[in-house]
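> Input file: target.pdb. Contents: PDB, C-alpha atoms and all ligand atoms.
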ATOM      1  CA  MET Y   1     125.472  77.438  96.048
ATOM      2  CA  LYS Y   2     121.960  77.073  94.748
ATOM      3  CA  CYS Y   3     119.766  79.353  92.727
ATOM      4  CA  PRO Y   4     117.059  80.677  95.098
ATOM      5  CA  SER Y   5     114.469  80.410  92.362
ATOM      6  CA  CYS Y   6     114.953  77.104  90.563
ATOM      7  CA  ALA Y   7     117.281  75.466  93.133
ATOM      8  CA  SER Y   8     119.737  74.359  90.469
ATOM      9  CA  THR Y   9     123.289  74.083  91.726
ATOM     10  CA  LEU Y  10     125.732  76.745  90.603
ATOM     11  CA  ALA Y  11     129.437  76.070  90.642
ATOM     12  CA  ALA Y  12     130.250  79.640  91.606
ATOM     13  CA  PRO Y  13     128.448  82.908  92.204
ATOM     14  CA  GLU Y  14     127.134  84.027  88.872
ATOM     15  CA  PRO Y  15     125.318  87.202  87.936
ATOM     16  CA  ARG Y  16     122.635  85.141  86.268
ATOM     17  CA  CYS Y  17     121.363  81.633  86.858
ATOM     18  CA  PRO Y  18     122.238  79.584  83.768
ATOM     19  CA  ASN Y  19     119.119  77.480  84.232
ATOM     20  CA  CYS Y  20     116.249  79.894  84.961
ATOM     21  CA  LYS Y  21     118.056  83.154  84.028
ATOM     22  CA  LEU Y  22     117.316  84.714  87.411
ATOM     23  CA  THR Y  23     119.194  87.942  88.084
ATOM     24  CA  LEU Y  24     119.209  90.350  90.991
ATOM     25  CA  GLN Y  25     118.059  93.020  88.571
ATOM     26  CA  ALA Y  26     114.966  90.977  87.792
ATOM     27  CA  LEU Y  27     114.286  90.681  91.521
ATOM     28  CA  ASP Y  28     114.740  94.459  91.888
ATOM     29  CA  VAL Y  29     111.906  94.901  89.428
ATOM     30  CA  LYS Y  30     109.816  92.280  91.195
ATOM     31  CA  PHE Y  31     110.264  93.502  94.757
ATOM     32  CA  GLY Y  32     110.703  97.231  94.224
ATOM     33  CA  ALA Y  33     112.119  99.600  96.805
ATOM     34  CA  LEU Y  34     114.176  98.209  99.669
ATOM     35  CA  PRO Y  35     112.156  98.075 102.882
ATOM     36  CA  ARG Y  36     113.402  99.844 105.992
ATOM     37  CA  HIS Y  37     115.472  97.403 107.996
ATOM     38  CA  ALA Y  38     117.462  97.301 111.201
ATOM     39  CA  MET Y  39     120.734  95.599 111.946
ATOM     40  CA  TYR Y  40     119.470  92.762 114.144
ATOM     41  CA  PHE Y  41     115.712  92.567 114.084
ATOM     42  CA  THR Y  42     113.110  94.122 111.845
ATOM     43  CA  ASP Y  43     109.381  93.721 112.287
ATOM     44  CA  ARG Y  44     107.478  95.083 109.295
ATOM     45  CA  THR Y  45     104.206  93.574 110.517
ATOM     46  CA  ASP Y  46     103.973  95.630 113.725
ATOM     47  CA  ARG Y  47     102.622  92.526 115.414
ATOM     48  CA  VAL Y  48     105.666  91.226 117.257
ATOM     49  CA  PRO Y  49     105.245  92.178 120.939
ATOM     50  CA  MET Y  50     107.879  94.528 122.293
ATOM     51  CA  PRO Y  51     109.209  92.167 124.993
ATOM     52  CA  GLU Y  52     109.630  89.387 122.420
ATOM     53  CA  MET Y  53     111.357  91.758 120.033
ATOM     54  CA  ALA Y  54     113.740  92.903 122.763
ATOM     55  CA  ALA Y  55     114.498  89.319 123.713
ATOM     56  CA  MET Y  56     115.268  88.331 120.130
ATOM     57  CA  ARG Y  57     117.405  91.400 119.554
ATOM     58  CA  ARG Y  58     119.420  90.438 122.611
ATOM     59  CA  MET Y  59     119.894  86.885 121.306
ATOM     60  CA  LEU Y  60     121.151  88.255 118.001
ATOM     61  CA  GLU Y  61     123.530  90.638 119.749
ATOM     62  CA  LEU Y  62     124.960  87.785 121.782
ATOM     63  CA  PHE Y  63     125.432  85.704 118.648
ATOM     64  CA  HIS Y  64     127.258  88.627 117.026
ATOM     65  CA  GLN Y  65     129.516  88.986 120.056
ATOM     66  CA  ARG Y  66     130.369  85.314 119.815
ATOM     67  CA  PHE Y  67     130.953  85.413 116.054
ATOM     68  CA  PRO Y  68     131.990  89.002 115.333
ATOM     69  CA  GLN Y  69     132.475  88.462 111.594
ATOM     70  CA  CYS Y  70     129.008  87.061 111.319
ATOM     71  CA  LEU Y  71     125.922  89.251 111.547
ATOM     72  CA  PHE Y  72     122.671  87.338 111.918
ATOM     73  CA  SER Y  73     119.630  89.447 111.063
ATOM     74  CA  VAL Y  74     115.964  88.573 111.325
ATOM     75  CA  PHE Y  75     113.407  90.227 109.082
ATOM     76  CA  VAL Y  76     109.700  89.668 109.730
ATOM     77  CA  ALA Y  77     107.180  90.796 107.138
ATOM     78  CA  ASP Y  78     103.860  90.127 105.467
ATOM     79  CA  LEU Y  79     105.027  89.441 101.946
ATOM     80  CA  PRO Y  80     102.510  89.719  99.111
ATOM     81  CA  ARG Y  81     100.644  86.527  98.308
ATOM     82  CA  GLY Y  82     102.580  84.315  95.980
ATOM     83  CA  THR Y  83     105.973  85.691  96.966
ATOM     84  CA  ARG Y  84     108.623  83.006  97.200
ATOM     85  CA  VAL Y  85     110.284  83.764 100.479
ATOM     86  CA  GLY Y  86     113.561  82.177  99.337
ATOM     87  CA  GLU Y  87     113.781  84.592  96.431
ATOM     88  CA  TYR Y  88     112.896  87.480  98.678
ATOM     89  CA  ALA Y  89     115.520  86.552 101.281
ATOM     90  CA  PHE Y  90     118.141  86.182  98.580
ATOM     91  CA  TRP Y  91     117.260  89.601  97.144
ATOM     92  CA  LEU Y  92     117.157  91.323 100.525
ATOM     93  CA  ALA Y  93     120.446  89.758 101.652
ATOM     94  CA  ASN Y  94     122.161  90.980  98.503
ATOM     95  CA  ARG Y  95     120.622  94.442  98.348
ATOM     96  CA  ALA Y  96     120.120  95.587 101.941
ATOM     97  CA  ARG Y  97     122.946  96.686 104.183
ATOM     98  CA  PHE Y  98     122.394  95.158 107.608
ATOM     99  CA  SER Y  99     125.910  95.530 108.875
ATOM    100  CA  SER Y 100     127.051  98.981 109.905
ATOM    101  CA  VAL Y 101     130.587  98.165 108.868
ATOM    102  CA  GLU Y 102     131.784  97.749 105.325
ATOM    103  CA  GLN Y 103     132.081  94.102 104.320
ATOM    104  CA  VAL Y 104     135.757  93.246 104.313
ATOM    105  CA  HIS Y 105     136.727  93.186 100.656
ATOM    106  CA  GLY Y 106     133.170  92.461  99.718
ATOM    107  CA  HIS Y 107     133.164  89.178 101.587
ATOM    108  CA  ASN Y 108     129.855  88.411 103.177
ATOM    109  CA  PHE Y 109     129.673  86.250 106.294
ATOM    110  CA  ASP Y 110     126.203  87.389 107.222
ATOM    111  CA  LEU Y 111     123.047  85.395 107.742
ATOM    112  CA  LEU Y 112     119.530  86.562 107.110
ATOM    113  CA  LEU Y 113     116.373  84.856 108.313
ATOM    114  CA  VAL Y 114     113.197  86.108 106.647
ATOM    115  CA  ALA Y 115     109.867  85.116 108.178
ATOM    116  CA  ASP Y 116     106.848  85.729 105.976
ATOM    117  CA  MET Y 117     103.884  85.847 108.352
ATOM    118  CA  ASN Y 118     101.474  86.148 105.470
ATOM    119  CA  GLY Y 119     102.687  82.979 103.802
ATOM    120  CA  ASP Y 120     103.639  81.051 106.964
ATOM    121  CA  ALA Y 121     107.035  80.536 105.397
ATOM    122  CA  ALA Y 122     110.638  81.324 106.135
ATOM    123  CA  ALA Y 123     113.998  81.261 104.431
ATOM    124  CA  LEU Y 124     117.528  81.410 105.741
ATOM    125  CA  ASN Y 125     120.222  82.915 103.616
ATOM    126  CA  ALA Y 126     123.974  82.722 104.221
ATOM    127  CA  GLY Y 127     126.619  84.954 102.708
ATOM    128  CA  TYR Y 128     129.070  83.485 100.262
ATOM    129  CA  GLY Y 129     131.935  83.895 102.729
ATOM    130  CA  LEU Y 130     130.362  81.195 104.886
ATOM    131  CA  GLU Y 131     130.755  78.562 102.206
ATOM    132  CA  GLY Y 132     132.934  75.837 103.683
ATOM    133  CA  HIS Y 133     131.777  76.782 107.188
ATOM    134  CA  LEU Y 134     128.065  76.201 106.791
ATOM    135  CA  GLU Y 135     126.663  73.628 104.426
ATOM    136  CA  GLU Y 136     123.199  73.513 102.992
ATOM    137  CA  GLU Y 137     122.237  70.820 105.468
ATOM    138  CA  ASP Y 138     123.321  73.082 108.330
ATOM    139  CA  LEU Y 139     121.097  75.864 107.064
ATOM    140  CA  ALA Y 140     118.247  73.434 106.526
ATOM    141  CA  ALA Y 141     118.608  72.180 110.110
ATOM    142  CA  ALA Y 142     118.716  75.727 111.476
ATOM    143  CA  LEU Y 143     115.669  76.747 109.488
ATOM    144  CA  ASP Y 144     113.832  73.622 110.540
ATOM    145  CA  ALA Y 145     114.456  74.490 114.187
ATOM    146  CA  PHE Y 146     112.856  77.889 113.563
ATOM    147  CA  ILE Y 147     109.894  76.431 111.701
ATOM    148  CA  GLN Y 148     109.201  73.853 114.397
ATOM    149  CA  ALA Y 149     108.850  76.632 116.961
ATOM    150  CA  MET Y 150     106.729  78.735 114.593
ATOM    151  CA  ARG Y 151     104.236  75.884 114.444
ATOM    152  CA  GLY Y 152     103.590  76.760 118.088
ATOM    153  CA  SER Y 153     103.660  80.499 117.309
ATOM    154  CA  ASP Y 154     106.764  80.931 119.445
ATOM    155  CA  MET Y 155     109.067  83.147 117.424
ATOM    156  CA  PRO Y 156     111.593  83.818 120.227
ATOM    157  CA  ALA Y 157     112.011  80.081 120.781
ATOM    158  CA  GLY Y 158     112.413  79.682 117.029
ATOM    159  CA  VAL Y 159     115.111  82.316 116.741
ATOM    160  CA  GLN Y 160     116.879  80.884 119.782
ATOM    161  CA  ALA Y 161     116.806  77.371 118.324
ATOM    162  CA  CYS Y 162     117.918  78.561 114.897
ATOM    163  CA  LEU Y 163     120.835  80.505 116.364
ATOM    164  CA  GLY Y 164     121.717  77.488 118.476
ATOM    165  CA  VAL Y 165     122.026  75.232 115.447
ATOM    166  CA  VAL Y 166     124.105  77.770 113.505
ATOM    167  CA  ALA Y 167     126.399  78.412 116.488
ATOM    168  CA  GLN Y 168     126.900  74.715 117.062
ATOM    169  CA  ARG Y 169     127.747  74.074 113.405
ATOM    170  CA  LEU Y 170     130.060  77.074 113.248
ATOM    171  CA  ASP Y 171     131.799  76.009 116.444
ATOM    172  CA  ALA Y 172     132.337  72.570 114.987
ATOM    173  CA  ARG Y 173     134.023  73.907 111.864
ATOM    174  CA  TRP Y 174     135.144  77.334 112.844
ATOM    175  CA  MET Y 175     138.367  78.475 111.321
ATOM    176  CA  ALA Y 176     139.680  81.975 111.203
ATOM    177  CA  LEU Y 177     137.536  83.698 108.635
ATOM    178  CA  GLN Y 178     140.324  85.218 106.678
ATOM    179  CA  ALA Y 179     139.096  87.820 104.299
ATOM    180  CA  GLU Y 180     140.207  87.376 100.737
ATOM    181  CA  PRO Y 181     139.729  89.925  98.043
ATOM    182  CA  GLY Y 182     136.875  89.465  95.658
ATOM    183  CA  PRO Y 183     133.420  90.965  95.343
ATOM    184  CA  THR Y 184     131.197  87.984  96.012
ATOM    185  CA  PRO Y 185     128.121  89.228  97.882
ATOM    186  CA  MET Y 186     126.107  86.250  96.816
ATOM    187  CA  THR Y 187     124.464  83.326  98.512
ATOM    188  CA  ALA Y 188     126.476  80.276  99.484
ATOM    189  CA  ALA Y 189     123.418  78.263 100.248
ATOM    190  CA  ALA Y 190     119.871  78.829 101.299
ATOM    191  CA  ALA Y 191     117.059  76.927 102.856
ATOM    192  CA  GLY Y 192     113.334  77.528 102.702
ATOM    193  CA  GLY Y 193     110.234  75.983 104.215
ATOM    194  CA  THR Y 194     106.759  76.583 105.566
ATOM    195  CA  TRP Y 195     105.047  76.032 108.885
ATOM    196  CA  ALA Y 196     101.452  76.012 107.670
TER     197      ALA Y 196
HETATM  198 ZN    ZN C   1     117.753  79.409  88.691
END
Can the structure from this file be put into structure tokens for me?
Ligand SMILES: [Zn+2]


Amino acid sequence: MKCPSCASTLAAPEPRCPNCKLTLQALDVKFGALPRHAMYFTDRTDRVPMPEMAAMRRMLELFHQRFPQCLFSVFVADLPRGTRVGEYAFWLANRARFSSVEQVHGHNFDLLLVADMNGDAAALNAGYGLEGHLEEEDLAAALDAFIQAMRGSDMPAGVQACLGVVAQRLDARWMALQAEPGPTPMTAAAAGGTWA
């Protein structure tokens, strides 16, 4: 996994990045109260048209039906200027509860895509349980598919393409996601990028 702030590689989930000293507690202070969020799709900008939102929610539901252990959530917001969307996605993925069911033994197989409309940037975060199933390059490819579509302001196409890449990579390597004990709600890998 990689630190979402300084991108240094960590051998295992750690409460604090040994390089830049990042902690979730520091991000709590930085980002404040958790925003309201929905299981599949959250639009905090109030600018995503209803039909597009419905279409994307349906895509995310279908993905969840195909990979029941894996909840893919999309969070769209106008983050304050200067916010690093990768840090924000990491914080939100670790602090917000998107799934309605308790994570099995704290294992996290969920994915979170954060689109920052203010910064024209996005980040994709994968739960630690997906390590070994999704590599950093898979997440980078999935995020890139989203960003390409965002360059044409087509968010539904972006979400569709992003889900397509993740599904294809998971299919290629899918093994039974056996839950093992251990509280590791951290990031396996993350990708970030901009479309501006
Ligand atoms: Zn760091």

> For this file, the PyMOL selection byres (((chain Y and resi 61) around 12) and not hetatm) selects which residues, as a ChimeraX atom specification?

/Y:39-41,54-60,62-68,70-74,160,163

> Neighbouring residues of ligand ZN 1 (chain C) are defined here as those with any atom at most 10 Å from a ligand atom, counting all atoms listed in the file; list them as a count of residues only.

17

> Quick one: apply the PyMOL selection byres (((chain Y and resi 192) around 8) and not hetatm) to the file and drop the selected residues here as a list in words.

Val85, Gly86, Ala121, Ala122, Ala123, Leu124, Ala140, Leu143, Ala190, Ala191, Gly193 and Thr194 of chain Y

> Here's the selection I'm unsure about, the PyMOL selection byres (((chain Y and resi 119) around 9) and not hetatm); applied to the file above, which residues does it give, as a PyMOL selection string?

chain Y and resi 78-85+115-118+120-122+194-196

> Leaving out region 134-138 of chain Y and any residue of its chain fewer than 6 positions from it, which residues lie within 12 Å of it when counting all atoms listed in the file, given as a PDB file with C-alpha atoms, in the frame of the given file?


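Saved to out.pdb:
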ATOM      1  CA  MET Y   1     125.472  77.438  96.048  1.00  0.00           C
ATOM      2  CA  LYS Y   2     121.960  77.073  94.748  1.00  0.00           C
ATOM      3  CA  ALA Y   7     117.281  75.466  93.133  1.00  0.00           C
ATOM      4  CA  THR Y   9     123.289  74.083  91.726  1.00  0.00           C
ATOM      5  CA  CYS Y  70     129.008  87.061 111.319  1.00  0.00           C
ATOM      6  CA  PHE Y 109     129.673  86.250 106.294  1.00  0.00           C
ATOM      7  CA  ASP Y 110     126.203  87.389 107.222  1.00  0.00           C
ATOM      8  CA  LEU Y 111     123.047  85.395 107.742  1.00  0.00           C
ATOM      9  CA  LEU Y 124     117.528  81.410 105.741  1.00  0.00           C
ATOM     10  CA  ASN Y 125     120.222  82.915 103.616  1.00  0.00           C
ATOM     11  CA  ALA Y 126     123.974  82.722 104.221  1.00  0.00           C
ATOM     12  CA  GLY Y 127     126.619  84.954 102.708  1.00  0.00           C
ATOM     13  CA  TYR Y 128     129.070  83.485 100.262  1.00  0.00           C
ATOM     14  CA  ASP Y 144     113.832  73.622 110.540  1.00  0.00           C
ATOM     15  CA  ALA Y 145     114.456  74.490 114.187  1.00  0.00           C
ATOM     16  CA  CYS Y 162     117.918  78.561 114.897  1.00  0.00           C
ATOM     17  CA  LEU Y 163     120.835  80.505 116.364  1.00  0.00           C
ATOM     18  CA  GLY Y 164     121.717  77.488 118.476  1.00  0.00           C
ATOM     19  CA  VAL Y 165     122.026  75.232 115.447  1.00  0.00           C
ATOM     20  CA  VAL Y 166     124.105  77.770 113.505  1.00  0.00           C
ATOM     21  CA  ALA Y 167     126.399  78.412 116.488  1.00  0.00           C
ATOM     22  CA  GLN Y 168     126.900  74.715 117.062  1.00  0.00           C
ATOM     23  CA  ARG Y 169     127.747  74.074 113.405  1.00  0.00           C
ATOM     24  CA  LEU Y 170     130.060  77.074 113.248  1.00  0.00           C
ATOM     25  CA  ASP Y 171     131.799  76.009 116.444  1.00  0.00           C
ATOM     26  CA  ALA Y 172     132.337  72.570 114.987  1.00  0.00           C
ATOM     27  CA  ARG Y 173     134.023  73.907 111.864  1.00  0.00           C
ATOM     28  CA  TRP Y 174     135.144  77.334 112.844  1.00  0.00           C
ATOM     29  CA  MET Y 175     138.367  78.475 111.321  1.00  0.00           C
ATOM     30  CA  THR Y 187     124.464  83.326  98.512  1.00  0.00           C
ATOM     31  CA  ALA Y 188     126.476  80.276  99.484  1.00  0.00           C
ATOM     32  CA  ALA Y 189     123.418  78.263 100.248  1.00  0.00           C
ATOM     33  CA  ALA Y 190     119.871  78.829 101.299  1.00  0.00           C
ATOM     34  CA  ALA Y 191     117.059  76.927 102.856  1.00  0.00           C
ATOM     35  CA  GLY Y 192     113.334  77.528 102.702  1.00  0.00           C
TER      36      GLY Y 192
END

> Given the choices Y:Pro51, Y:Gly129, Y:Val114, Y:Phe146, which gets closest to Glu87 (chain Y) if the distance is worked out from all atoms listed in the file?

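The shortest atom-to-atom distance to Glu87 (chain Y) comes from Y:Val114.
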
> At what distance in Å, to one decimal, does CA of Ala89 (chain Y) lie from CA of Leu113 (chain Y)?

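These two atoms are separated by 7.3 Å.
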
> So what do you get for CA of Pro156 (chain Y) versus CA of Glu52 (chain Y), distance-wise?

6.3 Å

> Point out the residue among Y:Ser99, Y:Glu14, Y:Ala93, Y:Ala142 with the least atom-to-atom distance to Val159 (chain Y), counting only C-alpha atoms.

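Smallest distance to Val159 (chain Y) is found for Y:Ala142.
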